[in-house]
$ cat start.txt   # compact mmCIF, N, CA and C atoms
# COMPACT_ATOMS: atom_id res chain seq x y z
N ALA A 288 28.94 -18.47 -53.31
CA ALA A 288 30.36 -18.69 -53.16
C ALA A 288 30.69 -20.16 -53.06
N LEU A 289 29.71 -20.99 -52.71
CA LEU A 289 29.98 -22.41 -52.55
C LEU A 289 29.58 -23.20 -53.80
N GLN A 290 29.47 -22.54 -54.94
CA GLN A 290 29.18 -23.23 -56.18
C GLN A 290 30.47 -23.75 -56.78
N SER A 291 30.36 -24.74 -57.65
CA SER A 291 31.51 -25.32 -58.35
C SER A 291 32.55 -25.87 -57.38
N CYS A 292 32.11 -26.51 -56.30
CA CYS A 292 33.03 -27.08 -55.32
C CYS A 292 33.39 -28.51 -55.73
N ARG A 293 34.63 -28.91 -55.48
CA ARG A 293 35.07 -30.27 -55.71
C ARG A 293 35.35 -30.91 -54.36
N THR A 294 34.86 -32.11 -54.15
CA THR A 294 35.11 -32.81 -52.89
C THR A 294 36.05 -33.97 -53.14
N HIS A 295 37.05 -34.13 -52.31
CA HIS A 295 38.01 -35.21 -52.40
C HIS A 295 37.81 -36.12 -51.20
N SER A 296 37.73 -37.42 -51.43
CA SER A 296 37.57 -38.35 -50.32
C SER A 296 38.93 -38.67 -49.72
N VAL A 297 39.14 -38.19 -48.53
CA VAL A 297 40.31 -38.51 -47.72
C VAL A 297 39.79 -38.66 -46.31
N ARG A 298 40.65 -38.93 -45.36
CA ARG A 298 40.19 -39.09 -43.97
C ARG A 298 39.32 -37.90 -43.54
N ALA A 299 39.76 -36.70 -43.79
CA ALA A 299 38.93 -35.50 -43.58
C ALA A 299 38.64 -34.98 -44.99
N ALA A 300 37.37 -34.97 -45.38
CA ALA A 300 37.02 -34.53 -46.73
C ALA A 300 37.38 -33.08 -46.91
N ARG A 301 38.00 -32.74 -48.04
CA ARG A 301 38.40 -31.36 -48.32
C ARG A 301 37.62 -30.87 -49.52
N THR A 302 37.17 -29.63 -49.46
CA THR A 302 36.41 -29.04 -50.54
C THR A 302 37.06 -27.74 -50.95
N ARG A 303 37.32 -27.57 -52.23
CA ARG A 303 37.85 -26.30 -52.74
C ARG A 303 36.71 -25.57 -53.43
N CYS A 304 36.57 -24.28 -53.13
CA CYS A 304 35.48 -23.50 -53.66
C CYS A 304 35.98 -22.15 -54.14
N ARG A 305 35.25 -21.57 -55.09
CA ARG A 305 35.57 -20.21 -55.53
C ARG A 305 35.22 -19.23 -54.41
N GLY A 306 36.08 -18.26 -54.14
CA GLY A 306 35.81 -17.26 -53.13
C GLY A 306 36.22 -17.68 -51.74
N MET A 307 36.55 -18.93 -51.55
CA MET A 307 36.99 -19.42 -50.24
C MET A 307 38.04 -20.48 -50.52
N SER A 308 39.13 -20.45 -49.84
CA SER A 308 40.22 -21.35 -50.19
C SER A 308 39.88 -22.82 -49.99
N GLU A 309 39.52 -23.21 -48.78
CA GLU A 309 39.31 -24.63 -48.53
C GLU A 309 38.47 -24.85 -47.28
N ILE A 310 37.64 -25.89 -47.33
CA ILE A 310 36.87 -26.32 -46.16
C ILE A 310 37.30 -27.74 -45.85
N VAL A 311 37.76 -27.97 -44.63
CA VAL A 311 38.12 -29.31 -44.19
C VAL A 311 37.00 -29.77 -43.27
N LYS A 312 36.35 -30.86 -43.64
CA LYS A 312 35.25 -31.40 -42.84
C LYS A 312 35.82 -32.41 -41.85
N VAL A 313 35.56 -32.18 -40.57
CA VAL A 313 36.01 -33.09 -39.52
C VAL A 313 34.80 -33.93 -39.14
N SER A 314 34.84 -35.20 -39.46
CA SER A 314 33.70 -36.09 -39.25
C SER A 314 33.78 -36.76 -37.89
N LEU A 315 32.91 -36.30 -36.99
CA LEU A 315 32.85 -36.85 -35.63
C LEU A 315 31.41 -37.17 -35.25
N GLY A 316 30.64 -37.66 -36.19
CA GLY A 316 29.23 -37.96 -35.91
C GLY A 316 28.48 -36.70 -35.58
N GLU A 317 27.78 -36.70 -34.46
CA GLU A 317 26.99 -35.53 -34.03
C GLU A 317 27.87 -34.33 -33.71
N ARG A 318 29.15 -34.54 -33.46
CA ARG A 318 30.07 -33.45 -33.12
C ARG A 318 30.89 -32.98 -34.31
N SER A 319 30.49 -33.33 -35.53
CA SER A 319 31.22 -32.94 -36.74
C SER A 319 31.23 -31.42 -36.90
N TYR A 320 32.27 -30.92 -37.57
CA TYR A 320 32.38 -29.49 -37.83
C TYR A 320 33.28 -29.25 -39.03
N ASP A 321 33.20 -28.03 -39.56
CA ASP A 321 34.04 -27.63 -40.68
C ASP A 321 35.15 -26.70 -40.19
N ILE A 322 36.31 -26.80 -40.83
CA ILE A 322 37.41 -25.87 -40.60
C ILE A 322 37.63 -25.14 -41.92
N HIS A 323 37.57 -23.83 -41.89
CA HIS A 323 37.80 -23.01 -43.08
C HIS A 323 39.26 -22.57 -43.08
N VAL A 324 39.95 -22.77 -44.22
CA VAL A 324 41.36 -22.44 -44.33
C VAL A 324 41.54 -21.55 -45.56
N GLY A 325 42.15 -20.37 -45.37
CA GLY A 325 42.40 -19.53 -46.52
C GLY A 325 42.59 -18.08 -46.14
N GLY A 326 42.90 -17.27 -47.13
CA GLY A 326 43.13 -15.85 -46.93
C GLY A 326 41.84 -15.08 -46.74
N GLY A 327 41.89 -14.03 -45.94
CA GLY A 327 40.75 -13.14 -45.74
C GLY A 327 39.67 -13.64 -44.81
N LEU A 328 39.88 -14.78 -44.19
CA LEU A 328 38.83 -15.36 -43.34
C LEU A 328 38.68 -14.66 -42.00
N LEU A 329 39.75 -14.06 -41.50
CA LEU A 329 39.66 -13.34 -40.22
C LEU A 329 38.61 -12.24 -40.31
N ALA A 330 38.59 -11.52 -41.42
CA ALA A 330 37.63 -10.43 -41.61
C ALA A 330 36.20 -10.94 -41.72
N ARG A 331 36.03 -12.23 -42.01
CA ARG A 331 34.69 -12.83 -42.17
C ARG A 331 34.28 -13.69 -40.98
N ALA A 332 35.07 -13.69 -39.91
CA ALA A 332 34.80 -14.56 -38.76
C ALA A 332 33.42 -14.33 -38.17
N GLY A 333 33.00 -13.07 -38.07
CA GLY A 333 31.67 -12.78 -37.53
C GLY A 333 30.57 -13.38 -38.38
N GLU A 334 30.74 -13.33 -39.68
CA GLU A 334 29.77 -13.90 -40.62
C GLU A 334 29.64 -15.41 -40.40
N PHE A 335 30.77 -16.09 -40.21
CA PHE A 335 30.75 -17.53 -40.00
C PHE A 335 30.16 -17.93 -38.65
N LEU A 336 30.42 -17.15 -37.62
CA LEU A 336 30.05 -17.54 -36.27
C LEU A 336 28.73 -17.00 -35.77
N LYS A 337 28.20 -15.98 -36.42
CA LYS A 337 27.02 -15.29 -35.91
C LYS A 337 25.84 -16.23 -35.63
N LEU A 338 25.57 -17.17 -36.49
CA LEU A 338 24.44 -18.08 -36.30
C LEU A 338 24.66 -19.07 -35.16
N HIS A 339 25.91 -19.30 -34.79
CA HIS A 339 26.24 -20.30 -33.78
C HIS A 339 26.57 -19.70 -32.42
N ALA A 340 26.79 -18.39 -32.38
CA ALA A 340 27.23 -17.73 -31.15
C ALA A 340 26.03 -17.26 -30.33
N HIS A 341 25.96 -17.71 -29.11
CA HIS A 341 24.89 -17.31 -28.19
C HIS A 341 25.51 -16.98 -26.84
N GLY A 342 25.21 -15.81 -26.31
CA GLY A 342 25.79 -15.41 -25.04
C GLY A 342 27.26 -15.05 -25.21
N VAL A 343 28.00 -15.21 -24.14
CA VAL A 343 29.43 -14.91 -24.16
C VAL A 343 30.17 -15.99 -24.95
N VAL A 344 31.05 -15.56 -25.85
CA VAL A 344 31.85 -16.48 -26.65
C VAL A 344 33.31 -16.32 -26.22
N PRO A 345 33.86 -17.31 -25.50
CA PRO A 345 35.26 -17.22 -25.10
C PRO A 345 36.16 -17.48 -26.30
N VAL A 346 37.24 -16.74 -26.39
CA VAL A 346 38.22 -16.94 -27.46
C VAL A 346 39.43 -17.63 -26.84
N VAL A 347 39.74 -18.82 -27.32
CA VAL A 347 40.84 -19.62 -26.78
C VAL A 347 42.02 -19.53 -27.74
N THR A 348 43.18 -19.20 -27.21
CA THR A 348 44.36 -19.05 -28.05
C THR A 348 45.61 -19.26 -27.21
N ASP A 349 46.76 -19.13 -27.83
CA ASP A 349 48.01 -19.14 -27.08
C ASP A 349 48.67 -17.78 -27.26
N ASP A 350 49.75 -17.53 -26.54
CA ASP A 350 50.39 -16.21 -26.56
C ASP A 350 50.89 -15.81 -27.95
N ARG A 351 51.45 -16.75 -28.68
CA ARG A 351 52.00 -16.44 -30.00
C ARG A 351 50.90 -16.00 -30.98
N VAL A 352 49.82 -16.76 -31.04
CA VAL A 352 48.71 -16.43 -31.94
C VAL A 352 47.99 -15.16 -31.45
N ALA A 353 47.83 -15.03 -30.14
CA ALA A 353 47.15 -13.86 -29.58
C ALA A 353 47.84 -12.56 -29.98
N LYS A 354 49.16 -12.55 -29.97
CA LYS A 354 49.90 -11.33 -30.33
C LYS A 354 49.56 -10.87 -31.74
N LEU A 355 49.30 -11.80 -32.63
CA LEU A 355 49.03 -11.48 -34.02
C LEU A 355 47.55 -11.24 -34.33
N TYR A 356 46.67 -12.02 -33.72
CA TYR A 356 45.29 -12.06 -34.19
C TYR A 356 44.19 -11.80 -33.17
N LEU A 357 44.50 -11.78 -31.87
CA LEU A 357 43.44 -11.68 -30.87
C LEU A 357 42.65 -10.39 -30.98
N GLU A 358 43.33 -9.25 -30.98
CA GLU A 358 42.61 -7.97 -31.03
C GLU A 358 41.79 -7.82 -32.31
N PRO A 359 42.35 -8.12 -33.51
CA PRO A 359 41.53 -8.02 -34.72
C PRO A 359 40.33 -8.97 -34.70
N LEU A 360 40.51 -10.17 -34.17
CA LEU A 360 39.40 -11.13 -34.12
C LEU A 360 38.31 -10.63 -33.19
N ILE A 361 38.67 -10.18 -32.00
CA ILE A 361 37.68 -9.67 -31.05
C ILE A 361 36.91 -8.51 -31.69
N ALA A 362 37.60 -7.62 -32.38
CA ALA A 362 36.95 -6.47 -33.02
C ALA A 362 35.96 -6.91 -34.10
N VAL A 363 36.35 -7.87 -34.91
CA VAL A 363 35.46 -8.37 -35.98
C VAL A 363 34.23 -9.03 -35.37
N LEU A 364 34.44 -9.87 -34.36
CA LEU A 364 33.32 -10.57 -33.73
C LEU A 364 32.37 -9.59 -33.05
N ARG A 365 32.90 -8.64 -32.33
CA ARG A 365 32.05 -7.65 -31.67
C ARG A 365 31.31 -6.80 -32.71
N GLY A 366 31.96 -6.50 -33.82
CA GLY A 366 31.31 -5.77 -34.90
C GLY A 366 30.13 -6.52 -35.49
N ALA A 367 30.14 -7.85 -35.37
CA ALA A 367 29.04 -8.68 -35.85
C ALA A 367 28.00 -8.92 -34.76
N GLY A 368 28.18 -8.25 -33.61
CA GLY A 368 27.22 -8.40 -32.52
C GLY A 368 27.47 -9.60 -31.64
N ILE A 369 28.66 -10.17 -31.71
CA ILE A 369 29.02 -11.34 -30.91
C ILE A 369 29.79 -10.87 -29.68
N ASP A 370 29.37 -11.33 -28.51
CA ASP A 370 30.01 -10.94 -27.25
C ASP A 370 31.25 -11.81 -27.02
N ALA A 371 32.30 -11.56 -27.83
CA ALA A 371 33.54 -12.32 -27.74
C ALA A 371 34.42 -11.74 -26.66
N ARG A 372 35.03 -12.62 -25.88
CA ARG A 372 35.89 -12.18 -24.79
C ARG A 372 37.20 -12.94 -24.80
N PRO A 373 38.30 -12.19 -24.67
CA PRO A 373 39.62 -12.84 -24.65
C PRO A 373 39.81 -13.57 -23.32
N PRO A 374 40.79 -14.47 -23.28
CA PRO A 374 41.08 -15.16 -22.03
C PRO A 374 41.61 -14.20 -20.98
N ARG A 375 41.30 -14.47 -19.72
CA ARG A 375 41.85 -13.66 -18.62
C ARG A 375 43.26 -14.12 -18.36
N ARG A 376 44.11 -13.18 -18.03
CA ARG A 376 45.52 -13.53 -17.77
C ARG A 376 45.86 -13.24 -16.34

$ encode --input "start.txt" --output "structure tokens"
Amino acid sequence: ALQSCRTHSVRAARTRCRGMSEIVKVSLGERSYDIHVGGGLLARAGEFLKLHAHGVVPVVTDDRVAKLYLEPLIAVLRGAGIDARPPRR
């Protein structure tokens, strides 16, 4: 899925790939990370996080986003074997 990618040099490098809308690379030295932006990614969250998730994974959100996406995200992550937990209220 990451074949035929084009990289553009900007402050945060952006890569467009077939099968995935966009990857924004945040360059922070040892703390660098990628942000995936595009349709259908919620259903693939477990796939992206499984290698990095160890132990309890807290899910941080706000009320507006939680109303739309918290329950589906927790379900997808738990389906991938990730012990995701919503914030306590």

$ closest_residue --input "start.txt" --among "A:Tyr356, A:Val324, A:Glu317, A:Asp370" --to "A:Ala340" --atoms "all atoms listed in the file"
A:Asp370

$ residues_around --input "start.txt" --residues "A:Ala371" --least-positions-apart "2" --cutoff "5 Å" --atoms "only N, CA and C atoms" --output "VMD selection string"
chain A and resid 344 369 373

$ write_last_selection --input "start.txt" --atoms "N, CA and C atoms" --output "tab-separated table (two decimals), in the coordinates of the input"
chain	number	residue	atom	x	y	z
A	344	VAL	N	31.05	-15.56	-25.85
A	344	VAL	CA	31.85	-16.48	-26.65
A	344	VAL	C	33.31	-16.32	-26.22
A	369	ILE	N	28.66	-10.17	-31.71
A	369	ILE	CA	29.02	-11.34	-30.91
A	369	ILE	C	29.79	-10.87	-29.68
A	373	PRO	N	38.30	-12.19	-24.67
A	373	PRO	CA	39.62	-12.84	-24.65
A	373	PRO	C	39.81	-13.57	-23.32

$ closest_residue --input "start.txt" --among "A:His339, A:Glu309, A:Ile322, A:Gly333" --to "A:Gly368" --atoms "only N, CA and C atoms"
A:Gly333

$ atom_distance --input "start.txt" --atom1 "atom CA of A:Ile310" --atom2 "atom CA of A:Thr348"
20.9 Å

$ atom_distance --input "start.txt" --atom1 "atom CA of A:Gly342" --atom2 "atom CA of A:Gly326"
27.9 Å

$ atom_distance --input "start.txt" --atom1 "atom C of A:Lys354" --atom2 "atom CA of A:Phe335"
21.6 Å

$ closest_residue --input "start.txt" --among "A:Leu360, A:Lys312, A:Val346, A:Arg372" --to "A:Arg331" --atoms "only C-alpha atoms"
A:Leu360

$ closest_residue --input "start.txt" --among "A:Leu357, A:Ala367, A:Val311, A:Val347" --to "A:Gly325" --atoms "only C-alpha atoms"
A:Val311

$ closest_residue --input "start.txt" --among "A:Gly327, A:Pro345, A:Tyr320, A:Leu338" --to "A:Pro374" --atoms "only N, CA and C atoms"
A:Pro345
